[in-house]
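query_39.csv follows (CSV, N, CA and C atoms):
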chain,number,residue,atom,x,y,z
P,14,MET,N,97.3,132.8,114.7
P,14,MET,CA,96.0,132.5,114.4
P,14,MET,C,95.0,133.0,115.5
P,15,GLU,N,95.6,133.3,116.7
P,15,GLU,CA,94.8,133.8,117.8
P,15,GLU,C,94.0,135.0,117.4
P,16,ASP,N,94.6,135.9,116.6
P,16,ASP,CA,93.9,137.1,116.2
P,16,ASP,C,92.8,136.8,115.2
P,17,MET,N,93.0,135.8,114.4
P,17,MET,CA,92.0,135.4,113.4
P,17,MET,C,90.8,134.8,114.1
P,18,GLU,N,91.1,133.9,115.1
P,18,GLU,CA,90.1,133.2,115.8
P,18,GLU,C,89.3,134.2,116.8
P,19,SER,N,89.9,135.3,117.0
P,19,SER,CA,89.1,136.3,117.9
P,19,SER,C,87.9,136.9,117.1
P,20,ARG,N,88.0,136.8,115.8
P,20,ARG,CA,86.9,137.3,114.9
P,20,ARG,C,86.7,138.8,115.1
P,21,ASP,N,87.7,139.5,115.6
P,21,ASP,CA,87.7,140.9,115.9
P,21,ASP,C,88.4,141.6,114.7
P,22,VAL,N,87.6,142.2,113.9
P,22,VAL,CA,88.1,142.9,112.7
P,22,VAL,C,89.0,144.0,113.0
P,23,LYS,N,88.7,144.7,114.1
P,23,LYS,CA,89.6,145.9,114.5
P,23,LYS,C,91.0,145.3,114.9
P,24,ARG,N,91.0,144.2,115.6
P,24,ARG,CA,92.2,143.6,116.0
P,24,ARG,C,93.0,143.1,114.8
P,25,LEU,N,92.3,142.6,113.8
P,25,LEU,CA,92.9,142.1,112.6
P,25,LEU,C,93.5,143.2,111.7
P,26,SER,N,92.9,144.4,111.8
P,26,SER,CA,93.3,145.5,110.9
P,26,SER,C,94.8,145.8,111.1
P,27,ARG,N,95.3,145.5,112.2
P,27,ARG,CA,96.8,145.9,112.4
P,27,ARG,C,97.7,145.0,111.5
P,28,TRP,N,97.1,143.9,111.0
P,28,TRP,CA,97.9,143.0,110.1
P,28,TRP,C,97.8,143.4,108.7
P,29,MET,N,96.9,144.4,108.4
P,29,MET,CA,96.6,144.7,107.0
P,29,MET,C,97.3,145.9,106.4
P,30,SER,N,97.5,145.9,105.1
P,30,SER,CA,98.0,147.0,104.4
P,30,SER,C,97.3,147.0,103.1
P,31,GLU,N,97.6,148.0,102.3
P,31,GLU,CA,97.0,148.0,100.9
P,31,GLU,C,97.6,147.0,100.0
P,32,SER,N,98.7,146.4,100.4
P,32,SER,CA,99.3,145.3,99.6
P,32,SER,C,99.0,143.9,100.2
P,33,THR,N,98.1,143.8,101.2
P,33,THR,CA,97.7,142.5,101.7
P,33,THR,C,96.9,141.7,100.7
P,34,VAL,N,97.2,140.5,100.5
P,34,VAL,CA,96.5,139.6,99.6
P,34,VAL,C,96.0,138.4,100.4
P,35,PHE,N,94.7,138.1,100.3
P,35,PHE,CA,94.0,137.0,101.0
P,35,PHE,C,93.3,136.2,99.9
P,36,TRP,N,93.7,134.9,99.8
P,36,TRP,CA,93.2,134.1,98.8
P,36,TRP,C,92.4,132.9,99.3
P,37,VAL,N,91.2,132.8,98.9
P,37,VAL,CA,90.4,131.6,99.3
P,37,VAL,C,90.0,130.9,98.0
P,38,PRO,N,90.7,129.9,97.6
P,38,PRO,CA,90.4,129.2,96.4
P,38,PRO,C,89.0,128.6,96.5
P,39,PRO,N,88.2,128.5,95.4
P,39,PRO,CA,88.6,128.8,94.0
P,39,PRO,C,88.4,130.2,93.6
P,40,ARG,N,88.0,131.1,94.5
P,40,ARG,CA,87.8,132.5,94.1
P,40,ARG,C,89.2,133.2,93.8
P,41,ASP,N,89.1,134.4,93.2
P,41,ASP,CA,90.3,135.2,92.9
P,41,ASP,C,90.8,135.8,94.2
P,42,PRO,N,92.1,136.0,94.3
P,42,PRO,CA,92.6,136.7,95.5
P,42,PRO,C,92.0,138.1,95.7
P,43,VAL,N,91.9,138.4,97.0
P,43,VAL,CA,91.4,139.7,97.4
P,43,VAL,C,92.6,140.6,97.8
P,44,VAL,N,92.7,141.8,97.2
P,44,VAL,CA,93.9,142.6,97.5
P,44,VAL,C,93.5,143.9,98.2
P,45,GLY,N,94.2,144.3,99.2
P,45,GLY,CA,94.0,145.5,99.9
P,45,GLY,C,93.4,145.2,101.3
P,46,GLY,N,93.9,145.9,102.3
P,46,GLY,CA,93.5,145.7,103.6
P,46,GLY,C,92.0,145.9,103.9
P,47,ARG,N,91.4,146.9,103.4
P,47,ARG,CA,90.0,147.2,103.6
P,47,ARG,C,89.1,146.1,102.9
P,48,ARG,N,89.5,145.7,101.7
P,48,ARG,CA,88.8,144.6,101.0
P,48,ARG,C,88.9,143.3,101.8
P,49,VAL,N,90.1,143.0,102.3
P,49,VAL,CA,90.3,141.7,103.0
P,49,VAL,C,89.4,141.8,104.3
P,50,LEU,N,89.4,142.9,105.0
P,50,LEU,CA,88.6,143.0,106.2
P,50,LEU,C,87.1,142.8,105.9
P,51,ALA,N,86.7,143.4,104.8
P,51,ALA,CA,85.3,143.2,104.4
P,51,ALA,C,85.0,141.7,104.1
P,52,LEU,N,85.9,141.0,103.5
P,52,LEU,CA,85.7,139.6,103.2
P,52,LEU,C,85.6,138.9,104.5
P,53,LEU,N,86.5,139.2,105.5
P,53,LEU,CA,86.5,138.5,106.7
P,53,LEU,C,85.2,138.7,107.5
P,54,ARG,N,84.7,140.0,107.5
P,54,ARG,CA,83.4,140.2,108.1
P,54,ARG,C,82.3,139.3,107.6
P,55,ALA,N,82.3,139.1,106.2
P,55,ALA,CA,81.3,138.2,105.6
P,55,ALA,C,81.6,136.8,106.0
P,56,ILE,N,82.8,136.4,106.1
P,56,ILE,CA,83.1,135.0,106.5
P,56,ILE,C,82.7,134.8,107.9
P,57,PHE,N,83.0,135.7,108.8
P,57,PHE,CA,82.7,135.6,110.2
P,57,PHE,C,81.1,135.5,110.4
P,58,ALA,N,80.4,136.3,109.6
P,58,ALA,CA,78.9,136.3,109.7
P,58,ALA,C,78.3,135.0,109.3
P,59,ALA,N,79.0,134.3,108.4
P,59,ALA,CA,78.5,133.0,107.8
P,59,ALA,C,78.7,131.8,108.7
P,60,TYR,N,79.6,131.9,109.6
P,60,TYR,CA,80.0,130.8,110.5
P,60,TYR,C,79.8,131.0,111.9
P,61,LYS,N,79.1,130.1,112.6
P,61,LYS,CA,78.9,130.2,114.0
P,61,LYS,C,80.2,130.0,114.8
P,62,THR,N,81.0,129.0,114.4
P,62,THR,CA,82.3,128.7,114.9
P,62,THR,C,83.3,128.6,113.8
P,63,PHE,N,84.5,128.9,114.1
P,63,PHE,CA,85.5,128.8,113.0
P,63,PHE,C,86.9,128.6,113.7
P,64,HIS,N,87.6,127.6,113.3
P,64,HIS,CA,88.9,127.3,113.8
P,64,HIS,C,89.9,127.2,112.7
P,65,TRP,N,91.0,128.0,112.8
P,65,TRP,CA,92.1,128.0,111.8
P,65,TRP,C,93.3,127.3,112.4
P,66,GLU,N,93.8,126.3,111.7
P,66,GLU,CA,95.0,125.6,112.1
P,66,GLU,C,96.1,125.7,111.0
P,67,VAL,N,97.2,126.4,111.3
P,67,VAL,CA,98.3,126.6,110.3
P,67,VAL,C,99.0,125.2,110.1
P,68,ARG,N,99.1,124.8,108.9
P,68,ARG,CA,99.8,123.6,108.5
P,68,ARG,C,101.2,123.8,108.1
P,69,GLU,N,101.5,124.9,107.3
P,69,GLU,CA,102.8,125.2,106.8
P,69,GLU,C,103.0,126.7,106.7
P,70,ILE,N,104.2,127.2,106.9
P,70,ILE,CA,104.5,128.6,106.8
P,70,ILE,C,105.8,128.7,105.9
P,71,TYR,N,105.7,129.5,104.9
P,71,TYR,CA,106.8,129.7,104.0
P,71,TYR,C,107.2,131.2,104.0
P,72,PRO,N,108.4,131.5,104.6
P,72,PRO,CA,108.8,132.9,104.5
P,72,PRO,C,109.2,133.3,103.1
P,73,VAL,N,108.8,134.5,102.7
P,73,VAL,CA,109.1,135.0,101.4
P,73,VAL,C,109.9,136.3,101.4
P,74,ALA,N,110.0,136.9,102.6
P,74,ALA,CA,110.7,138.1,102.8
P,74,ALA,C,110.8,138.3,104.3
P,75,GLU,N,111.6,139.3,104.7
P,75,GLU,CA,111.8,139.5,106.1
P,75,GLU,C,110.5,139.7,106.9
P,76,SER,N,109.5,140.4,106.4
P,76,SER,CA,108.3,140.6,107.1
P,76,SER,C,107.1,140.0,106.3
P,77,ARG,N,107.3,139.0,105.5
P,77,ARG,CA,106.2,138.4,104.7
P,77,ARG,C,106.3,136.9,104.7
P,78,CYS,N,105.1,136.3,104.6
P,78,CYS,CA,105.1,134.9,104.5
P,78,CYS,C,103.8,134.4,103.8
P,79,VAL,N,103.9,133.2,103.4
P,79,VAL,CA,102.7,132.5,102.8
P,79,VAL,C,102.4,131.4,103.8
P,80,TYR,N,101.2,131.2,104.1
P,80,TYR,CA,100.9,130.1,105.0
P,80,TYR,C,99.7,129.3,104.5
P,81,ILE,N,99.8,128.0,104.8
P,81,ILE,CA,98.7,127.1,104.4
P,81,ILE,C,98.0,126.7,105.7
P,82,HIS,N,96.7,126.8,105.7
P,82,HIS,CA,95.9,126.4,106.9
P,82,HIS,C,94.8,125.5,106.6
P,83,GLU,N,94.2,124.9,107.6
P,83,GLU,CA,93.0,124.1,107.5
P,83,GLU,C,92.0,124.7,108.4
P,84,THR,N,90.8,124.8,108.0
P,84,THR,CA,89.7,125.4,108.8
P,84,THR,C,88.6,124.4,109.1
P,85,THR,N,88.0,124.5,110.2
P,85,THR,CA,86.9,123.7,110.6
P,85,THR,C,85.9,124.6,111.3
P,86,GLY,N,84.7,124.3,111.4
P,86,GLY,CA,83.7,125.1,112.1
P,86,GLY,C,82.3,124.7,111.8
P,87,THR,N,81.3,125.5,112.2
P,87,THR,CA,79.9,125.3,111.9
P,87,THR,C,79.3,126.5,111.3
P,88,LEU,N,78.3,126.2,110.4
P,88,LEU,CA,77.6,127.3,109.7
P,88,LEU,C,76.7,128.0,110.7
P,89,ALA,N,76.6,129.4,110.5
P,89,ALA,CA,75.7,130.1,111.4
P,89,ALA,C,74.2,129.8,111.2
P,90,LYS,N,73.9,129.6,109.9
P,90,LYS,CA,72.5,129.4,109.5
P,90,LYS,C,71.8,128.2,110.2
P,91,ASP,N,72.5,127.0,110.2
P,91,ASP,CA,71.9,125.8,110.7
P,91,ASP,C,72.8,125.0,111.6
P,92,GLY,N,74.0,125.4,111.9
P,92,GLY,CA,74.9,124.7,112.7
P,92,GLY,C,75.5,123.5,112.1
P,93,ALA,N,75.4,123.3,110.8
P,93,ALA,CA,76.0,122.2,110.1
P,93,ALA,C,77.5,122.4,110.1
P,94,PRO,N,78.2,121.2,110.1
P,94,PRO,CA,79.7,121.3,110.1
P,94,PRO,C,80.2,121.9,108.8
P,95,TYR,N,81.3,122.6,108.9
P,95,TYR,CA,82.0,123.2,107.8
P,95,TYR,C,83.2,122.3,107.4
Can you turn what I pasted into structure tokens?
Amino acid sequence: MEDMESRDVKRLSRWMSESTVFWVPPRDPVVGGRRVLALLRAIFAAYKTFHWEVREIYPVAESRCVYIHETTGTLAKDGAPY
């Protein structure tokens, strides 16, 4: 999660491929590295601070996993807690 907390989209791009899926319920999953990075840019712009804490990791293949995380932070607009 260190890369995620860096908020550096270039740094995060090394984790992406066209088969990357990023799901933020209740919205539909976002598929594709470029689309995921665009979503992350929007998320990073909306929050002044953001902390990701991984709660569970489920391996699904040799180089793939699903993870469950909890996020906390503050909104960029007014500093209200997230």
Could you pull the residues within 12 Å of Pro38 of chain P, counting only C-alpha atoms, minus those fewer than 4 positions along the same chain, as a ChimeraX atom specification?
-> /P:42-43,81
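For the choices P:Val34, P:Met17, P:Cys78, P:Ala89, the atom-to-atom distance to Thr62 of chain P is smallest for P:Ala89 when using all atoms listed in the file.
The list of residues with at least one atom within 9 Å of Tyr80 of chain P, based on only C-alpha atoms and without residues fewer than 4 positions apart in the same chain, reads Val67, Arg68, Glu69, Ile70, Tyr71 and Pro72 of chain P.
Among the candidates P:Glu15, P:Gly46, P:Asp91, P:His82, the one nearest to Trp28 of chain P when counting all atoms listed in the file is P:Gly46.
Excluding Glu31 of chain P and any residue on its chain fewer than 6 positions from it, the residues at most 7 Å away by only N, CA and C atoms are Val44, Gly45, Gly46 and Arg47 of chain P.
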Atom N of Val22 of chain P and atom CA of Phe63 of chain P, how far apart in Å?
-> 13.6 Å
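We find atom C of Ser76 of chain P and atom C of Ala51 of chain P to be spaced 22.3 Å apart.
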What lies within 8 Å of Ala93 of chain P using all atoms listed in the file, ignoring chain neighbours under 6 positions off, as a PyMOL selection string?
-> chain P and resi 61+86-87
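The residue that comes closest to Lys23 of chain P, out of P:Trp65, P:Glu75, P:Leu53, P:Tyr60 and on the basis of only C-alpha atoms, is P:Leu53.
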Which of chain P fall in alpha helix (DSSP H), as an NGL selection string | :P and (15-19 or 22-26 or 46-59)
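Distance-wise, atom CA of Val49 of chain P and atom CA of Arg27 of chain P end up 12.2 Å apart.
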Taking the DSSP assignment computed from this structure's backbone, write out as a ChimeraX atom specification all residues of chain P that belong to strand (DSSP E or B).
-> /P:34-35,43-44,60-74,77-88,94
